[in-house]
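To be precise, the following lines are model21.csv, and they hold CSV, N, CA and C atoms.
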chain,number,residue,atom,x,y,z
A,735,HIS,N,3.2,13.4,-9.9
A,735,HIS,CA,3.1,12.1,-9.2
A,735,HIS,C,4.2,11.2,-9.7
A,736,ASP,N,4.4,10.1,-9.0
A,736,ASP,CA,5.4,9.1,-9.3
A,736,ASP,C,4.9,8.3,-10.5
A,737,PRO,N,5.8,7.8,-11.3
A,737,PRO,CA,5.4,7.0,-12.5
A,737,PRO,C,4.6,5.7,-12.0
A,738,PRO,N,3.5,5.5,-12.7
A,738,PRO,CA,2.6,4.3,-12.3
A,738,PRO,C,3.3,3.0,-12.5
A,739,LEU,N,4.2,2.8,-13.4
A,739,LEU,CA,4.9,1.5,-13.6
A,739,LEU,C,5.8,1.2,-12.4
A,740,ASP,N,6.4,2.3,-11.9
A,740,ASP,CA,7.3,2.1,-10.7
A,740,ASP,C,6.5,1.7,-9.5
A,741,LYS,N,5.3,2.3,-9.3
A,741,LYS,CA,4.4,2.0,-8.2
A,741,LYS,C,3.9,0.5,-8.4
A,742,TRP,N,3.5,0.2,-9.6
A,742,TRP,CA,3.0,-1.2,-9.9
A,742,TRP,C,4.1,-2.2,-9.5
A,743,ASN,N,5.3,-2.0,-9.9
A,743,ASN,CA,6.4,-2.9,-9.6
A,743,ASN,C,6.6,-3.1,-8.1
A,744,ALA,N,6.6,-2.0,-7.4
A,744,ALA,CA,6.7,-2.0,-5.9
A,744,ALA,C,5.6,-2.8,-5.3
A,745,LEU,N,4.4,-2.6,-5.8
A,745,LEU,CA,3.2,-3.3,-5.3
A,745,LEU,C,3.4,-4.8,-5.6
A,746,GLN,N,3.8,-5.1,-6.8
A,746,GLN,CA,3.9,-6.6,-7.2
A,746,GLN,C,5.0,-7.3,-6.4
A,747,GLU,N,6.1,-6.6,-6.1
A,747,GLU,CA,7.1,-7.2,-5.3
A,747,GLU,C,6.6,-7.5,-3.9
A,748,TRP,N,5.9,-6.6,-3.3
A,748,TRP,CA,5.3,-6.8,-2.0
A,748,TRP,C,4.3,-7.9,-2.1
A,749,ARG,N,3.5,-8.0,-3.1
A,749,ARG,CA,2.5,-9.0,-3.3
A,749,ARG,C,3.1,-10.4,-3.4
A,750,GLU,N,4.2,-10.5,-4.1
A,750,GLU,CA,4.9,-11.8,-4.3
A,750,GLU,C,5.4,-12.3,-2.9
A,751,ALA,N,6.0,-11.4,-2.2
A,751,ALA,CA,6.5,-11.7,-0.8
A,751,ALA,C,5.4,-12.1,0.1
A,752,PHE,N,4.3,-11.4,0.0
A,752,PHE,CA,3.1,-11.8,0.8
A,752,PHE,C,2.6,-13.2,0.5
A,753,LYS,N,2.5,-13.4,-0.8
A,753,LYS,CA,2.0,-14.8,-1.2
A,753,LYS,C,2.9,-15.9,-0.8
A,754,ALA,N,4.2,-15.6,-0.8
A,754,ALA,CA,5.2,-16.6,-0.3
A,754,ALA,C,5.0,-16.9,1.2
A,755,ALA,N,4.7,-15.8,1.9
A,755,ALA,CA,4.6,-15.9,3.4
A,755,ALA,C,3.3,-16.5,3.8
A,756,PHE,N,2.2,-16.1,3.2
A,756,PHE,CA,0.8,-16.5,3.6
A,756,PHE,C,0.1,-17.5,2.7
A,757,ARG,N,0.7,-17.9,1.6
A,757,ARG,CA,0.2,-18.9,0.7
A,757,ARG,C,-1.2,-18.5,0.1
A,758,ARG,N,-1.4,-17.2,-0.1
A,758,ARG,CA,-2.6,-16.7,-0.7
A,758,ARG,C,-2.4,-15.2,-1.2
A,759,GLU,N,-3.3,-14.8,-2.0
A,759,GLU,CA,-3.3,-13.4,-2.4
A,759,GLU,C,-3.6,-12.4,-1.2
A,760,PRO,N,-3.0,-11.3,-1.2
A,760,PRO,CA,-3.4,-10.3,-0.2
A,760,PRO,C,-4.8,-9.7,-0.5
A,761,LYS,N,-5.5,-9.3,0.5
A,761,LYS,CA,-6.8,-8.5,0.3
A,761,LYS,C,-6.4,-7.1,0.6
A,762,ILE,N,-6.7,-6.2,-0.3
A,762,ILE,CA,-6.3,-4.8,-0.1
A,762,ILE,C,-7.4,-3.8,-0.5
A,763,PHE,N,-7.4,-2.7,0.2
A,763,PHE,CA,-8.1,-1.5,-0.2
A,763,PHE,C,-7.2,-0.6,-0.9
A,764,LEU,N,-7.4,-0.4,-2.2
A,764,LEU,CA,-6.5,0.4,-3.0
A,764,LEU,C,-7.2,1.7,-3.3
A,765,ASP,N,-6.7,2.8,-2.7
A,765,ASP,CA,-7.4,4.1,-2.7
A,765,ASP,C,-7.8,4.5,-4.1
A,766,LYS,N,-6.9,4.4,-5.0
A,766,LYS,CA,-7.2,4.9,-6.4
A,766,LYS,C,-8.4,4.2,-7.0
A,767,ALA,N,-8.5,2.9,-6.6
A,767,ALA,CA,-9.6,2.1,-7.2
A,767,ALA,C,-10.9,2.2,-6.4
A,768,CYS,N,-10.8,2.4,-5.1
A,768,CYS,CA,-12.0,2.4,-4.2
A,768,CYS,C,-12.6,3.8,-3.9
A,769,ILE,N,-11.8,4.8,-4.2
A,769,ILE,CA,-12.3,6.2,-4.0
A,769,ILE,C,-12.6,6.7,-5.4
A,770,ASP,N,-13.8,7.1,-5.6
A,770,ASP,CA,-14.2,7.6,-7.0
A,770,ASP,C,-13.4,8.9,-7.2
A,771,GLN,N,-12.4,8.8,-8.2
A,771,GLN,CA,-11.5,9.9,-8.5
A,771,GLN,C,-12.3,11.1,-9.1
A,772,SER,N,-13.4,10.9,-9.7
A,772,SER,CA,-14.2,12.0,-10.3
A,772,SER,C,-15.2,12.6,-9.3
A,773,ALA,N,-15.3,12.0,-8.1
A,773,ALA,CA,-16.2,12.6,-7.1
A,773,ALA,C,-15.5,12.4,-5.7
A,774,ILE,N,-14.3,12.9,-5.6
A,774,ILE,CA,-13.6,12.7,-4.3
A,774,ILE,C,-14.3,13.3,-3.1
A,775,GLU,N,-14.9,14.5,-3.3
A,775,GLU,CA,-15.6,15.1,-2.2
A,775,GLU,C,-16.7,14.3,-1.6
A,776,GLN,N,-17.4,13.5,-2.5
A,776,GLN,CA,-18.5,12.7,-2.0
A,776,GLN,C,-17.9,11.4,-1.4
A,777,SER,N,-16.8,10.9,-1.9
A,777,SER,CA,-16.2,9.7,-1.4
A,777,SER,C,-15.4,9.8,-0.2
A,778,LEU,N,-14.9,11.0,0.1
A,778,LEU,CA,-14.0,11.3,1.2
A,778,LEU,C,-14.6,10.9,2.5
A,779,PRO,N,-15.9,11.2,2.8
A,779,PRO,CA,-16.4,10.8,4.1
A,779,PRO,C,-16.3,9.3,4.4
A,780,CYS,N,-16.2,8.4,3.4
A,780,CYS,CA,-16.0,7.0,3.5
A,780,CYS,C,-14.6,6.6,3.9
A,781,LEU,N,-13.7,7.4,3.8
A,781,LEU,CA,-12.3,7.1,4.0
A,781,LEU,C,-12.1,6.5,5.4
A,782,PRO,N,-12.6,7.1,6.5
A,782,PRO,CA,-12.4,6.5,7.8
A,782,PRO,C,-13.0,5.1,7.9
A,783,VAL,N,-14.1,4.8,7.3
A,783,VAL,CA,-14.7,3.5,7.3
A,783,VAL,C,-13.8,2.5,6.6
A,784,PHE,N,-13.3,2.9,5.4
A,784,PHE,CA,-12.4,2.0,4.7
A,784,PHE,C,-11.2,1.7,5.5
A,785,LEU,N,-10.6,2.7,6.1
A,785,LEU,CA,-9.3,2.5,6.8
A,785,LEU,C,-9.5,1.8,8.1
A,786,ALA,N,-10.6,2.0,8.8
A,786,ALA,CA,-10.9,1.3,10.0
A,786,ALA,C,-11.0,-0.2,9.8
A,787,GLY,N,-11.3,-0.6,8.6
A,787,GLY,CA,-11.4,-2.1,8.3
A,787,GLY,C,-10.1,-2.7,7.9
A,788,CYS,N,-9.0,-1.9,8.0
A,788,CYS,CA,-7.7,-2.5,7.6
A,788,CYS,C,-6.8,-2.8,8.8
A,789,ASN,N,-6.1,-3.9,8.7
A,789,ASN,CA,-5.2,-4.3,9.8
A,789,ASN,C,-3.8,-3.6,9.6
A,790,SER,N,-3.5,-3.3,8.4
A,790,SER,CA,-2.2,-2.7,8.2
A,790,SER,C,-2.3,-1.7,7.0
A,791,PHE,N,-1.2,-0.9,6.9
A,791,PHE,CA,-1.2,0.2,5.9
A,791,PHE,C,0.1,0.0,5.1
A,792,LEU,N,0.0,-0.1,3.8
A,792,LEU,CA,1.1,-0.2,2.9
A,792,LEU,C,1.2,1.1,2.2
A,793,ALA,N,2.4,1.8,2.3
A,793,ALA,CA,2.6,3.0,1.6
A,793,ALA,C,3.7,2.8,0.6
A,794,LEU,N,3.5,3.0,-0.7
A,794,LEU,CA,4.5,2.9,-1.7
A,794,LEU,C,5.0,4.3,-1.9
A,795,LYS,N,6.2,4.6,-1.4
A,795,LYS,CA,6.7,6.0,-1.3
A,795,LYS,C,7.7,6.2,-2.4
A,796,GLY,N,7.3,7.0,-3.4
A,796,GLY,CA,8.2,7.5,-4.4
A,796,GLY,C,8.6,8.9,-3.9
A,797,PRO,N,9.4,9.6,-4.7
A,797,PRO,CA,9.9,10.9,-4.4
A,797,PRO,C,8.8,12.0,-4.0
A,798,SER,N,7.6,11.9,-4.6
A,798,SER,CA,6.6,12.9,-4.3
A,798,SER,C,5.6,12.5,-3.2
A,799,TYR,N,5.8,11.3,-2.6
A,799,TYR,CA,4.8,10.8,-1.6
A,799,TYR,C,4.5,11.8,-0.5
A,800,LEU,N,5.5,12.2,0.2
A,800,LEU,CA,5.2,13.1,1.4
A,800,LEU,C,4.9,14.5,1.1
A,801,GLY,N,5.0,14.9,-0.2
A,801,GLY,CA,4.6,16.2,-0.6
A,801,GLY,C,3.2,16.3,-1.1
A,802,ARG,N,2.5,15.1,-1.1
A,802,ARG,CA,1.1,15.1,-1.5
A,802,ARG,C,0.2,15.0,-0.3
A,803,ILE,N,-0.6,16.0,-0.1
A,803,ILE,CA,-1.5,16.1,1.2
A,803,ILE,C,-2.4,14.9,1.3
A,804,TRP,N,-2.9,14.3,0.2
A,804,TRP,CA,-3.8,13.2,0.3
A,804,TRP,C,-3.1,12.0,0.9
A,805,CYS,N,-1.8,11.8,0.6
A,805,CYS,CA,-1.1,10.7,1.2
A,805,CYS,C,-0.9,10.8,2.7
A,806,VAL,N,-0.6,12.1,3.1
A,806,VAL,CA,-0.5,12.3,4.6
A,806,VAL,C,-1.8,12.2,5.3
A,807,VAL,N,-2.9,12.7,4.6
A,807,VAL,CA,-4.2,12.5,5.2
A,807,VAL,C,-4.6,11.1,5.4
A,808,GLU,N,-4.3,10.2,4.5
A,808,GLU,CA,-4.6,8.8,4.6
A,808,GLU,C,-3.9,8.2,5.8
A,809,LEU,N,-2.6,8.5,5.9
A,809,LEU,CA,-1.8,8.0,7.1
A,809,LEU,C,-2.4,8.5,8.4
A,810,TYR,N,-2.8,9.7,8.5
A,810,TYR,CA,-3.4,10.3,9.7
A,810,TYR,C,-4.7,9.6,10.0
A,811,VAL,N,-5.6,9.5,9.0
A,811,VAL,CA,-6.9,8.9,9.2
A,811,VAL,C,-6.7,7.4,9.7
A,812,PHE,N,-5.8,6.7,9.1
A,812,PHE,CA,-5.5,5.3,9.5
A,812,PHE,C,-5.1,5.2,11.0
A,813,LEU,N,-4.3,6.1,11.4
A,813,LEU,CA,-3.9,6.1,12.8
A,813,LEU,C,-5.0,6.6,13.7
A,814,GLU,N,-5.8,7.6,13.3
A,814,GLU,CA,-6.9,8.0,14.1
A,814,GLU,C,-8.0,7.0,14.2
A,815,MET,N,-8.1,6.1,13.2
A,815,MET,CA,-9.2,5.1,13.3
A,815,MET,C,-8.7,3.8,14.0
A,816,GLY,N,-7.5,3.9,14.7
A,816,GLY,CA,-7.1,2.8,15.6
A,816,GLY,C,-5.9,2.1,15.0
A,817,GLY,N,-5.4,2.4,13.8
A,817,GLY,CA,-4.3,1.7,13.3
A,817,GLY,C,-3.0,2.0,14.1
A,818,ALA,N,-2.2,1.0,14.3
A,818,ALA,CA,-1.0,1.1,15.1
A,818,ALA,C,0.1,1.6,14.2
A,819,PRO,N,1.0,2.5,14.7
A,819,PRO,CA,2.2,2.9,13.9
A,819,PRO,C,3.0,1.7,13.4
A,820,SER,N,3.1,0.7,14.3
A,820,SER,CA,3.9,-0.5,13.9
A,820,SER,C,3.3,-1.3,12.8
A,821,SER,N,2.0,-1.0,12.4
A,821,SER,CA,1.4,-1.8,11.3
A,821,SER,C,1.5,-1.0,10.0
A,822,ILE,N,2.3,0.0,10.0
A,822,ILE,CA,2.5,0.8,8.7
A,822,ILE,C,3.8,0.3,8.1
A,823,THR,N,3.7,-0.1,6.8
A,823,THR,CA,4.8,-0.5,6.1
A,823,THR,C,5.1,0.5,5.0
A,824,LEU,N,6.3,1.0,4.9
A,824,LEU,CA,6.7,2.0,4.0
A,824,LEU,C,7.7,1.4,3.0
A,825,ILE,N,7.4,1.3,1.8
A,825,ILE,CA,8.3,0.7,0.8
A,825,ILE,C,8.7,1.9,-0.2
A,826,GLU,N,10.0,2.2,-0.1
A,826,GLU,CA,10.4,3.3,-1.0
A,826,GLU,C,10.9,2.7,-2.4
A,827,PHE,N,10.6,3.5,-3.4
A,827,PHE,CA,11.1,3.1,-4.7
A,827,PHE,C,11.6,4.3,-5.4
A,828,GLU,N,12.4,4.1,-6.4
A,828,GLU,CA,13.0,5.2,-7.2
A,828,GLU,C,12.3,5.3,-8.5
A,829,ASN,N,12.1,6.5,-9.0
A,829,ASN,CA,11.6,6.7,-10.4
A,829,ASN,C,12.6,6.3,-11.4
A,830,THR,N,12.3,5.3,-12.2
A,830,THR,CA,13.2,4.9,-13.2
A,830,THR,C,12.6,4.9,-14.6
A,831,THR,N,11.3,5.2,-14.7
A,831,THR,CA,10.6,5.2,-16.0
A,831,THR,C,10.1,6.6,-16.3
A,832,ALA,N,10.1,6.9,-17.5
A,832,ALA,CA,9.6,8.2,-18.0
A,832,ALA,C,8.0,8.2,-17.9
A,833,ALA,N,7.4,9.3,-17.7
A,833,ALA,CA,5.9,9.3,-17.7
A,833,ALA,C,5.5,8.8,-19.1
A,834,GLY,N,4.5,7.9,-19.1
A,834,GLY,CA,4.0,7.4,-20.4
A,834,GLY,C,4.8,6.3,-21.0
A,835,SER,N,5.8,5.8,-20.2
A,835,SER,CA,6.7,4.7,-20.8
A,835,SER,C,5.9,3.5,-21.1
A,836,THR,N,6.3,2.8,-22.1
A,836,THR,CA,5.7,1.5,-22.5
A,836,THR,C,6.6,0.4,-22.1
A,837,MET,N,7.6,0.7,-21.2
A,837,MET,CA,8.5,-0.4,-20.8
A,837,MET,C,7.7,-1.5,-20.0
A,838,PRO,N,8.0,-2.7,-20.2
A,838,PRO,CA,7.3,-3.8,-19.5
A,838,PRO,C,7.5,-3.6,-18.0
A,839,SER,N,6.5,-3.8,-17.2
A,839,SER,CA,6.5,-3.6,-15.8
A,839,SER,C,7.7,-4.4,-15.1
A,840,SER,N,8.0,-5.5,-15.6
A,840,SER,CA,9.1,-6.3,-15.0
A,840,SER,C,10.4,-5.6,-15.1
A,841,ALA,N,10.6,-4.6,-16.0
A,841,ALA,CA,11.8,-4.0,-16.2
A,841,ALA,C,11.9,-2.6,-15.6
A,842,ALA,N,10.7,-2.1,-15.1
A,842,ALA,CA,10.6,-0.7,-14.7
A,842,ALA,C,10.7,-0.6,-13.2
A,843,GLY,N,11.4,0.4,-12.7
A,843,GLY,CA,11.4,0.7,-11.3
A,843,GLY,C,12.3,-0.2,-10.4
A,844,THR,N,12.7,0.4,-9.3
A,844,THR,CA,13.5,-0.4,-8.4
A,844,THR,C,13.1,-0.1,-7.0
A,845,ILE,N,13.0,-1.1,-6.2
A,845,ILE,CA,12.8,-0.9,-4.7
A,845,ILE,C,13.8,-1.7,-4.0
A,846,ASN,N,13.9,-1.4,-2.7
A,846,ASN,CA,14.7,-2.2,-1.9
A,846,ASN,C,14.0,-3.5,-1.6
A,847,SER,N,14.5,-4.6,-2.3
A,847,SER,CA,13.8,-5.9,-2.2
A,847,SER,C,13.7,-6.4,-0.8
A,848,THR,N,14.7,-6.2,0.0
A,848,THR,CA,14.6,-6.7,1.3
A,848,THR,C,13.5,-6.0,2.1
A,849,SER,N,13.2,-4.7,1.7
A,849,SER,CA,12.1,-4.0,2.4
A,849,SER,C,10.8,-4.7,2.3
A,850,ALA,N,10.4,-5.1,1.0
A,850,ALA,CA,9.1,-5.8,0.8
A,850,ALA,C,9.1,-7.2,1.5
A,851,ALA,N,10.2,-7.9,1.3
A,851,ALA,CA,10.2,-9.3,1.9
A,851,ALA,C,10.3,-9.2,3.4
A,852,ALA,N,11.1,-8.2,3.9
A,852,ALA,CA,11.2,-8.1,5.4
A,852,ALA,C,9.8,-7.6,6.0
A,853,ALA,N,9.1,-6.7,5.3
A,853,ALA,CA,7.9,-6.2,5.8
A,853,ALA,C,6.9,-7.4,5.9
A,854,VAL,N,6.8,-8.2,4.9
A,854,VAL,CA,5.9,-9.4,4.9
A,854,VAL,C,6.3,-10.4,5.9
A,855,ALA,N,7.6,-10.6,6.1
A,855,ALA,CA,8.1,-11.6,7.1
A,855,ALA,C,7.7,-11.1,8.5
A,856,GLU,N,7.8,-9.8,8.7
A,856,GLU,CA,7.5,-9.3,10.0
A,856,GLU,C,6.0,-9.4,10.3
A,857,ALA,N,5.2,-9.2,9.3
A,857,ALA,CA,3.7,-9.3,9.4
A,857,ALA,C,3.4,-10.8,9.7
A,858,ALA,N,4.0,-11.7,9.0
A,858,ALA,CA,3.8,-13.1,9.2
A,858,ALA,C,4.2,-13.6,10.6
A,859,ALA,N,5.3,-13.1,11.1
A,859,ALA,CA,5.7,-13.4,12.5
A,859,ALA,C,4.8,-12.8,13.5
A,860,ALA,N,4.3,-11.6,13.3
A,860,ALA,CA,3.3,-11.0,14.2
A,860,ALA,C,2.0,-11.8,14.2
A,861,ALA,N,1.6,-12.2,13.1
A,861,ALA,CA,0.3,-13.0,13.0
A,861,ALA,C,0.5,-14.3,13.7
A,862,ALA,N,1.7,-14.9,13.6
A,862,ALA,CA,1.9,-16.2,14.2
A,862,ALA,C,2.0,-16.0,15.7
A,863,ARG,N,2.6,-15.0,16.2
A,863,ARG,CA,2.6,-14.7,17.7
A,863,ARG,C,1.2,-14.5,18.2
A,864,ALA,N,0.4,-13.8,17.4
A,864,ALA,CA,-1.0,-13.5,17.8
A,864,ALA,C,-1.9,-14.8,17.7
A,865,GLY,N,-1.4,-15.8,17.1
A,865,GLY,CA,-2.2,-17.0,16.9
A,865,GLY,C,-3.0,-17.0,15.7
A,866,ASP,N,-2.8,-16.1,14.8
A,866,ASP,CA,-3.5,-16.0,13.5
A,866,ASP,C,-2.7,-16.5,12.4
A,867,ALA,N,-3.2,-17.6,11.8
A,867,ALA,CA,-2.4,-18.2,10.7
A,867,ALA,C,-2.4,-17.2,9.5
A,868,LEU,N,-3.5,-16.5,9.2
A,868,LEU,CA,-3.6,-15.6,8.1
A,868,LEU,C,-4.4,-14.4,8.6
A,869,PRO,N,-3.8,-13.2,8.4
A,869,PRO,CA,-4.6,-12.0,8.8
A,869,PRO,C,-5.8,-11.8,7.8
A,870,PRO,N,-7.0,-11.3,8.4
A,870,PRO,CA,-8.1,-11.2,7.5
A,870,PRO,C,-8.0,-10.0,6.5
A,871,ARG,N,-7.5,-8.9,6.8
A,871,ARG,CA,-7.3,-7.8,5.9
A,871,ARG,C,-5.8,-7.4,6.0
A,872,ASP,N,-5.3,-7.1,4.9
A,872,ASP,CA,-3.8,-7.0,4.8
A,872,ASP,C,-3.3,-5.6,4.7
A,873,ALA,N,-3.8,-4.8,3.8
A,873,ALA,CA,-3.1,-3.5,3.5
A,873,ALA,C,-4.0,-2.5,2.8
A,874,VAL,N,-3.5,-1.3,2.8
A,874,VAL,CA,-4.1,-0.2,2.0
A,874,VAL,C,-3.2,0.1,0.9
Conversion result in structure tokens:
Amino acid sequence: HDPPLDKWNALQEWREAFKAAFRREPKIFLDKACIDQSAIEQSLPCLPVFLAGCNSFLALKGPSYLGRIWCVVELYVFLEMGGAPSSITLIEFENTTAAGSTMPSSAAGTINSTSAAAAVAEAAAAAARAGDALPPRDAV
């Protein structure tokens, strides 16, 4: 899997852009935290319910993302539960830290900065066009 610090940095960059656009923290369903990793078989039936409650889908795509069936299944279920392809944001990042690195997160990983900011700006513009000042649920 991709290094956790690189994923964290990508998520934090997206979060900062979101906060700048919407003047609040995003509300997210984070699969790793919300699906019991020690009992995935029991938690899996809840995935459609979790994803049906999301307005958008944020994928942090490192080099291994598309090769992991779980990631592809989540995208599929999001779309099957009524998510629009246009509400999927894909932020690619490069692996720049070694596994187990103790490098501070501010120094680890790189992503295309304009991707995170552009994705949030597009979401803000769509919400404004729809008459919603702030979307109720933001990302997965």
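The gap separating atom C of A:Glu747 from atom CA of A:Gly801 is 24.0 Å, in Å to one decimal.
Near A:Leu785, within 8 Å and counting only N, CA and C atoms, sit Phe763, Cys780, Leu781, Pro782, Val783, Gly787, Cys788, Asn789, Ser790, Glu808, Val811, Phe812, Leu813, Met815, Gly816, Gly817 and Val874 of chain A, not including residues fewer than 2 positions from it in the same chain.
One distance worth recording is that between atom CA of A:Gly796 and atom CA of A:Pro760, which is 21.7 Å.
Between atom CA of A:Thr823 and atom CA of A:Cys768 lies a distance of 19.9 Å.
Each of A:Arg802, A:Ile825, A:Pro819, A:Arg749 was checked against A:Ile762 using only C-alpha atoms; the smallest atom-to-atom distance is that of A:Arg749.
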Provide stretch 790-804 of chain A of the preceding structure as a file containing N, CA, C and O atoms, as a short mmCIF file (atom, residue, chain, number, x, y, z; two decimals), in the first residue's frame.
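The resulting selection-v2.cif:
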data_model
loop_
_atom_site.label_atom_id
_atom_site.label_comp_id
_atom_site.auth_asym_id
_atom_site.auth_seq_id
_atom_site.Cartn_x
_atom_site.Cartn_y
_atom_site.Cartn_z
N SER A 790 -20.19 13.35 -2.25
CA SER A 790 -19.03 13.30 -3.13
C SER A 790 -18.08 12.21 -2.65
O SER A 790 -18.25 11.65 -1.57
N PHE A 791 -17.12 11.90 -3.51
CA PHE A 791 -16.17 10.83 -3.24
C PHE A 791 -14.77 11.37 -3.51
O PHE A 791 -14.48 11.82 -4.61
N LEU A 792 -13.94 11.36 -2.50
CA LEU A 792 -12.55 11.80 -2.63
C LEU A 792 -11.66 10.57 -2.61
O LEU A 792 -11.69 9.81 -1.65
N ALA A 793 -10.91 10.36 -3.68
CA ALA A 793 -9.98 9.24 -3.76
C ALA A 793 -8.56 9.80 -3.76
O ALA A 793 -8.22 10.63 -4.59
N LEU A 794 -7.76 9.35 -2.81
CA LEU A 794 -6.36 9.72 -2.74
C LEU A 794 -5.59 8.62 -3.44
O LEU A 794 -5.41 7.54 -2.89
N LYS A 795 -5.16 8.88 -4.66
CA LYS A 795 -4.62 7.85 -5.54
C LYS A 795 -3.10 7.87 -5.56
O LYS A 795 -2.49 8.71 -6.18
N GLY A 796 -2.54 6.90 -4.87
CA GLY A 796 -1.11 6.65 -4.97
C GLY A 796 -0.88 5.58 -6.02
O GLY A 796 -1.83 5.11 -6.66
N PRO A 797 0.35 5.16 -6.21
CA PRO A 797 0.66 4.18 -7.25
C PRO A 797 -0.08 2.86 -7.14
O PRO A 797 -0.33 2.20 -8.14
N SER A 798 -0.48 2.45 -5.94
CA SER A 798 -1.13 1.13 -5.80
C SER A 798 -2.67 1.21 -5.82
O SER A 798 -3.33 0.18 -5.79
N TYR A 799 -3.24 2.40 -5.89
CA TYR A 799 -4.69 2.57 -5.72
C TYR A 799 -5.52 1.67 -6.64
O TYR A 799 -6.38 0.92 -6.18
N LEU A 800 -5.32 1.75 -7.93
CA LEU A 800 -6.16 1.01 -8.86
C LEU A 800 -5.89 -0.49 -8.86
O LEU A 800 -6.68 -1.27 -9.39
N GLY A 801 -4.81 -0.90 -8.25
CA GLY A 801 -4.49 -2.32 -8.15
C GLY A 801 -5.10 -2.99 -6.93
O GLY A 801 -4.96 -4.20 -6.75
N ARG A 802 -5.77 -2.21 -6.08
CA ARG A 802 -6.39 -2.77 -4.87
C ARG A 802 -7.88 -2.89 -5.10
O ARG A 802 -8.57 -1.90 -5.31
N ILE A 803 -8.39 -4.10 -5.06
CA ILE A 803 -9.80 -4.35 -5.36
C ILE A 803 -10.74 -3.57 -4.45
O ILE A 803 -11.78 -3.10 -4.88
N TRP A 804 -10.35 -3.38 -3.18
CA TRP A 804 -11.21 -2.65 -2.24
C TRP A 804 -11.49 -1.24 -2.75
O TRP A 804 -12.62 -0.76 -2.68
#
